[in-house]
Amino acid sequence: MPTLNKIRAALTPHRDPFPADPHLTPLRTALTAFFAMDGFLFAGWVVRIPAIKAQTGAGAGDLGLALLGVSAGAVAFMMLTGRLCRRFGSHTVTTASAAALALSIVLPPLTHSATALGLVLLVFGAAYGSLNVAMNSAAVDLIGALRRPVMPSFHAAFSLGGMLGAGLGGLVAGSLSPTVHLTLLAALGLLVTAVAGRSLRTHPAPVVPERRTAAAESRPSGGRAGRGRRLVVVFGLIALCTAYGEGAMADWGALHLTQDLAAGPGTAAAGYAVFALAMTVGRLSGTALVQRFGAARALVAGGTTATAGMLLGALAPTVWAAGAGFAVAGLGLANIFPIALARAGESGGADGVAVASTVGYGGMLLGPPAIGFLAEAAGLPLALTTVALLAAVAAGIAHLTRGAHHTASR
């Protein structure tokens with residue numbers, strides 16, 4: 001029996017290369033730290049939106065337009081970031097973008113009008129979008145070296161950071177001003193960037209020989225390249241539907257609990273923390289889920305679950321029932337975006353990640369003003385049901401294009 005085990009191991013040398021390549025361990029740790037920091041800083045900003053809204057005197061529609069700055073800045077820089085990653089490497093761009101994000105988070109609490117808020121959020125969004133493309137591109141390279149679908153684990157770190165950032169924000173909301181709170185977060189973000197960035201500079205991005213060969217083979221073939229671009233767009237559309245939901249929960253979830261269900265600031269922050277916790281739990285199990293059931297089934301199940309959860313979260317008459325709906329929605333949305341980006345990266349490399357991210361974050365570009373205007377016309381609860389609608393659309397696209405997921409994973 002030991003001999004048979006040795007023969008089996010010799011015949012499958014690439015089954016789990018992670019232990020055989022020790023430099024991947026600190027690289028994976030550093031990338032995980034960047035994902036966690038990204039979620040932590042973003043959640044810290046999100047839970048202070050009600051206070052900054054009051055400070056600027058903005059209505060729901062004006063706030064929606066101001067929040068559009070985050071998504072507009074992100075989308076504007078995503079395609080540029082893909083080119084920067086090709087030129088300077090995803091590790092360098094990740095470190096620079098993380099530093100910019102940490103510095104820009106101090107800007108929103110310094111504003112006193114919706115117009116000024118929208119302008120500084122363009123800067124914040126540009127850094128946020130650039131970091132997301134760069135670190136996801138670096139993660140795709142690492143996944144290729146590991147030969148395991150571990151993208152959900154990186155996004156679990158993002159969600160965990162979001163949960164911690166929201167929880168901390170709820171605790172300090174009553175005692176610290178937004179300016180002091182976000183300045184402290186900026187200092188912590190710069191510290192994480194310095195430490196994790198050094199690790200990225202020390203360990204270069206892994207190169208997967210067969211991916212490089214496949215890319216070279218695809219250049220002369222316009223049909224194959226065109227198919228790859230179409231797959232990237234498909235995955236981008238799936239990401240768009242769920243980015244809309246994640247953005248809506250970030251921008252409007254706490255406001256819904258405060259405005260429509262009379263929750264206090266701490267309880268409202270806890271509502272987003274529950275959503276982030278559910279996404280963390282879902283993403284921690286995401287790798288096993290994809291390995292067992294495949295990407296297409298995981299996407300369909302996630303979209304269906306998110307639809308049911310968000311309907312409950314938007315229409316429930318009590319804070320606790322809404323919180324339960326947020327949790328179910330978080331579980332459903334958890335793995336859709338990371339799976340879509342991973343598949344786009346497999347089909348198109350850093351450019352694929354940039355294109356899918358740009359299309360995906362179009363959901364965040366659409367979400368803030370759409371929900372803001374719908375909230376003014378028909379109320380925020382009804383406006384939030386559009387999250388359930390787009391989650392159902394994501395599940396439908398994943399089902400109709402399920403063959404593409406098998407193609408992309410080959």
# chains A, B, ... in the order shown; residues from 1 in each chain; ligands from 1
$ residues_around --residues "Gly345 in chain A" --least-positions-apart "4" --cutoff "10 Å" --atoms "only C-alpha atoms" --output "PyMOL selection string"
chain A and resi 136-141+143-144+232+235+339-341+349-356+408
$ write_last_selection --atoms "C-alpha atoms" --output "mmCIF file, in the first residue's frame"
data_model
loop_
_atom_site.group_PDB
_atom_site.id
_atom_site.type_symbol
_atom_site.label_atom_id
_atom_site.label_comp_id
_atom_site.auth_asym_id
_atom_site.auth_seq_id
_atom_site.Cartn_x
_atom_site.Cartn_y
_atom_site.Cartn_z
ATOM 1 C CA ASN A 136 -7.142 40.368 -8.090
ATOM 2 C CA SER A 137 -4.667 40.112 -10.974
ATOM 3 C CA ALA A 138 -1.955 39.111 -8.515
ATOM 4 C CA ALA A 139 -4.341 36.577 -6.980
ATOM 5 C CA VAL A 140 -5.119 35.043 -10.391
ATOM 6 C CA ASP A 141 -1.382 34.492 -10.973
ATOM 7 C CA ILE A 143 -4.121 30.646 -8.179
ATOM 8 C CA GLY A 144 -2.549 29.421 -11.407
ATOM 9 C CA VAL A 232 -14.677 37.756 -20.113
ATOM 10 C CA PHE A 235 -18.245 36.830 -16.404
ATOM 11 C CA ILE A 339 -15.719 33.195 -9.092
ATOM 12 C CA ALA A 340 -16.535 35.541 -11.974
ATOM 13 C CA LEU A 341 -13.237 37.434 -11.624
ATOM 14 C CA GLY A 349 -5.140 37.401 -17.687
ATOM 15 C CA ALA A 350 -4.714 40.861 -16.127
ATOM 16 C CA ASP A 351 -6.674 42.431 -18.992
ATOM 17 C CA GLY A 352 -9.481 39.949 -18.389
ATOM 18 C CA VAL A 353 -9.597 40.902 -14.721
ATOM 19 C CA ALA A 354 -9.601 44.594 -15.668
ATOM 20 C CA VAL A 355 -12.420 44.193 -18.223
ATOM 21 C CA ALA A 356 -14.593 42.035 -15.941
ATOM 22 C CA ALA A 408 -12.735 28.651 -19.122
#
$ residues_around --residues "Thr183 in chain A" --least-positions-apart "3" --cutoff "8 Å" --atoms "only C-alpha atoms" --output "MDAnalysis selection string"
chainID A and resid 105:106 179:180 186:187
$ write_last_selection --atoms "C-alpha atoms" --output "PDB file, in the first residue's frame"
ATOM      1  CA  ILE A 105     -10.070  57.825   3.047  1.00  0.00           C
ATOM      2  CA  VAL A 106      -9.389  60.945   5.142  1.00  0.00           C
ATOM      3  CA  THR A 179     -12.553  62.802  10.781  1.00  0.00           C
ATOM      4  CA  VAL A 180     -10.728  61.221  13.732  1.00  0.00           C
ATOM      5  CA  ALA A 186      -5.662  55.694   7.208  1.00  0.00           C
ATOM      6  CA  ALA A 187      -2.673  55.293   9.526  1.00  0.00           C
TER       7      ALA A 187
END
$ residues_around --residues "range 108-113 of chain A" --least-positions-apart "4" --cutoff "8 Å" --atoms "only C-alpha atoms" --output "list in words"
Ile52, Gln55, Thr56, Gly57, Ala58, Leu117, Val120, Leu121, Pro178, Thr179 and Leu182 of chain A
$ closest_residue --among "A:Ile336, A:Leu185, A:Ala156, A:Val300" --to "Ala102 in chain A" --atoms "only C-alpha atoms"
A:Leu185
$ residues_around --residues "Asn335 in chain A" --least-positions-apart "2" --cutoff "8 Å" --atoms "only C-alpha atoms" --output "list of chain:residue names"
A:Pro152, A:Met279, A:Gly282, A:Arg283, A:Gly286, A:Ala298, A:Leu299, A:Gly302, A:Gly332, A:Leu333, A:Phe337, A:Pro338, A:Ile339
$ closest_residue --among "A:Glu246, A:Asp38, A:Asp260, A:Asp62" --to "Leu164 in chain A" --atoms "only C-alpha atoms"
A:Asp38
$ closest_residue --among "A:Thr267, A:Thr401, A:Ser159, A:Thr202" --to "Gly39 in chain A" --atoms "only C-alpha atoms"
A:Ser159
$ residues_around --residues "Gly264 in chain A" --least-positions-apart "6" --cutoff "12 Å" --atoms "only C-alpha atoms" --output "list in words"
Pro50, Gly170, Leu171, Ala173, Gly174, Ala254, Leu255, His256, Leu257, Thr258, Ala270, Gly271 and Val319 of chain A
$ write_last_selection --atoms "all heavy atoms" --output "PDB file, in the first residue's frame"
ATOM      1  N   PRO A  50     -23.970  57.822   7.142  1.00  0.00           N
ATOM      2  CA  PRO A  50     -25.052  58.612   7.736  1.00  0.00           C
ATOM      3  C   PRO A  50     -24.562  59.903   8.384  1.00  0.00           C
ATOM      4  O   PRO A  50     -25.194  60.959   8.234  1.00  0.00           O
ATOM      5  CB  PRO A  50     -25.663  57.646   8.768  1.00  0.00           C
ATOM      6  CG  PRO A  50     -25.368  56.286   8.236  1.00  0.00           C
ATOM      7  CD  PRO A  50     -24.006  56.423   7.610  1.00  0.00           C
ATOM      8  N   GLY A 170     -19.196  50.796  14.339  1.00  0.00           N
ATOM      9  CA  GLY A 170     -20.361  50.872  15.204  1.00  0.00           C
ATOM     10  C   GLY A 170     -19.991  51.192  16.642  1.00  0.00           C
ATOM     11  O   GLY A 170     -20.709  51.940  17.327  1.00  0.00           O
ATOM     12  N   LEU A 171     -18.870  50.669  17.090  1.00  0.00           N
ATOM     13  CA  LEU A 171     -18.446  50.904  18.472  1.00  0.00           C
ATOM     14  C   LEU A 171     -18.004  52.344  18.703  1.00  0.00           C
ATOM     15  O   LEU A 171     -18.244  52.917  19.768  1.00  0.00           O
ATOM     16  CB  LEU A 171     -17.305  49.947  18.845  1.00  0.00           C
ATOM     17  CG  LEU A 171     -17.671  48.475  18.999  1.00  0.00           C
ATOM     18  CD1 LEU A 171     -16.419  47.647  19.241  1.00  0.00           C
ATOM     19  CD2 LEU A 171     -18.668  48.282  20.143  1.00  0.00           C
ATOM     20  N   ALA A 173     -18.792  55.007  16.695  1.00  0.00           N
ATOM     21  CA  ALA A 173     -19.619  56.016  16.035  1.00  0.00           C
ATOM     22  C   ALA A 173     -20.104  57.087  16.997  1.00  0.00           C
ATOM     23  O   ALA A 173     -20.230  58.258  16.621  1.00  0.00           O
ATOM     24  CB  ALA A 173     -20.812  55.356  15.344  1.00  0.00           C
ATOM     25  N   GLY A 174     -20.385  56.699  18.227  1.00  0.00           N
ATOM     26  CA  GLY A 174     -20.906  57.665  19.176  1.00  0.00           C
ATOM     27  C   GLY A 174     -19.847  58.470  19.905  1.00  0.00           C
ATOM     28  O   GLY A 174     -20.176  59.458  20.578  1.00  0.00           O
ATOM     29  N   ALA A 254     -27.238  50.392   5.919  1.00  0.00           N
ATOM     30  CA  ALA A 254     -27.322  51.036   7.228  1.00  0.00           C
ATOM     31  C   ALA A 254     -28.381  52.132   7.229  1.00  0.00           C
ATOM     32  O   ALA A 254     -29.114  52.311   8.215  1.00  0.00           O
ATOM     33  CB  ALA A 254     -25.961  51.618   7.612  1.00  0.00           C
ATOM     34  N   LEU A 255     -28.503  52.853   6.114  1.00  0.00           N
ATOM     35  CA  LEU A 255     -29.492  53.923   6.026  1.00  0.00           C
ATOM     36  C   LEU A 255     -30.913  53.349   6.062  1.00  0.00           C
ATOM     37  O   LEU A 255     -31.821  53.954   6.647  1.00  0.00           O
ATOM     38  CB  LEU A 255     -29.269  54.710   4.742  1.00  0.00           C
ATOM     39  CG  LEU A 255     -29.619  56.201   4.769  1.00  0.00           C
ATOM     40  CD1 LEU A 255     -28.840  56.925   5.864  1.00  0.00           C
ATOM     41  CD2 LEU A 255     -29.339  56.821   3.414  1.00  0.00           C
ATOM     42  N   HIS A 256     -31.124  52.198   5.436  1.00  0.00           N
ATOM     43  CA  HIS A 256     -32.433  51.540   5.462  1.00  0.00           C
ATOM     44  C   HIS A 256     -32.834  51.191   6.896  1.00  0.00           C
ATOM     45  O   HIS A 256     -33.971  51.433   7.320  1.00  0.00           O
ATOM     46  CB  HIS A 256     -32.393  50.279   4.595  1.00  0.00           C
ATOM     47  CG  HIS A 256     -33.583  49.385   4.741  1.00  0.00           C
ATOM     48  ND1 HIS A 256     -34.874  49.825   4.562  1.00  0.00           N
ATOM     49  CD2 HIS A 256     -33.672  48.069   5.071  1.00  0.00           C
ATOM     50  CE1 HIS A 256     -35.720  48.811   4.754  1.00  0.00           C
ATOM     51  NE2 HIS A 256     -35.003  47.746   5.061  1.00  0.00           N
ATOM     52  N   LEU A 257     -31.905  50.626   7.640  1.00  0.00           N
ATOM     53  CA  LEU A 257     -32.213  50.251   9.021  1.00  0.00           C
ATOM     54  C   LEU A 257     -32.482  51.485   9.883  1.00  0.00           C
ATOM     55  O   LEU A 257     -33.360  51.479  10.750  1.00  0.00           O
ATOM     56  CB  LEU A 257     -31.058  49.433   9.614  1.00  0.00           C
ATOM     57  CG  LEU A 257     -30.785  48.081   8.942  1.00  0.00           C
ATOM     58  CD1 LEU A 257     -29.614  47.385   9.618  1.00  0.00           C
ATOM     59  CD2 LEU A 257     -32.012  47.191   8.978  1.00  0.00           C
ATOM     60  N   THR A 258     -31.724  52.550   9.643  1.00  0.00           N
ATOM     61  CA  THR A 258     -31.899  53.774  10.437  1.00  0.00           C
ATOM     62  C   THR A 258     -33.176  54.523  10.058  1.00  0.00           C
ATOM     63  O   THR A 258     -33.970  54.910  10.911  1.00  0.00           O
ATOM     64  CB  THR A 258     -30.689  54.709  10.222  1.00  0.00           C
ATOM     65  OG1 THR A 258     -29.499  54.023  10.596  1.00  0.00           O
ATOM     66  CG2 THR A 258     -30.822  55.966  11.067  1.00  0.00           C
ATOM     67  N   ALA A 270     -24.262  47.368  12.830  1.00  0.00           N
ATOM     68  CA  ALA A 270     -24.274  45.920  13.054  1.00  0.00           C
ATOM     69  C   ALA A 270     -24.981  45.198  11.916  1.00  0.00           C
ATOM     70  O   ALA A 270     -24.628  44.059  11.581  1.00  0.00           O
ATOM     71  CB  ALA A 270     -24.945  45.596  14.383  1.00  0.00           C
ATOM     72  N   GLY A 271     -25.986  45.849  11.311  1.00  0.00           N
ATOM     73  CA  GLY A 271     -26.674  45.229  10.179  1.00  0.00           C
ATOM     74  C   GLY A 271     -25.732  44.968   9.028  1.00  0.00           C
ATOM     75  O   GLY A 271     -25.755  43.884   8.426  1.00  0.00           O
ATOM     76  N   VAL A 319     -36.247  45.212  12.466  1.00  0.00           N
ATOM     77  CA  VAL A 319     -34.793  45.259  12.304  1.00  0.00           C
ATOM     78  C   VAL A 319     -34.205  43.860  12.281  1.00  0.00           C
ATOM     79  O   VAL A 319     -33.338  43.539  11.447  1.00  0.00           O
ATOM     80  CB  VAL A 319     -34.155  46.089  13.430  1.00  0.00           C
ATOM     81  CG1 VAL A 319     -32.632  45.965  13.387  1.00  0.00           C
ATOM     82  CG2 VAL A 319     -34.560  47.552  13.314  1.00  0.00           C
TER      83      VAL A 319
END
$ atom_distance --atom1 "CA of Ala196 in chain A" --atom2 "CA of Met151 in chain A"
18.3 Å
$ closest_residue --among "A:Ala395, A:Val46, A:Leu384, A:Ala145" --to "Thr25 in chain A" --atoms "only C-alpha atoms"
A:Ala145
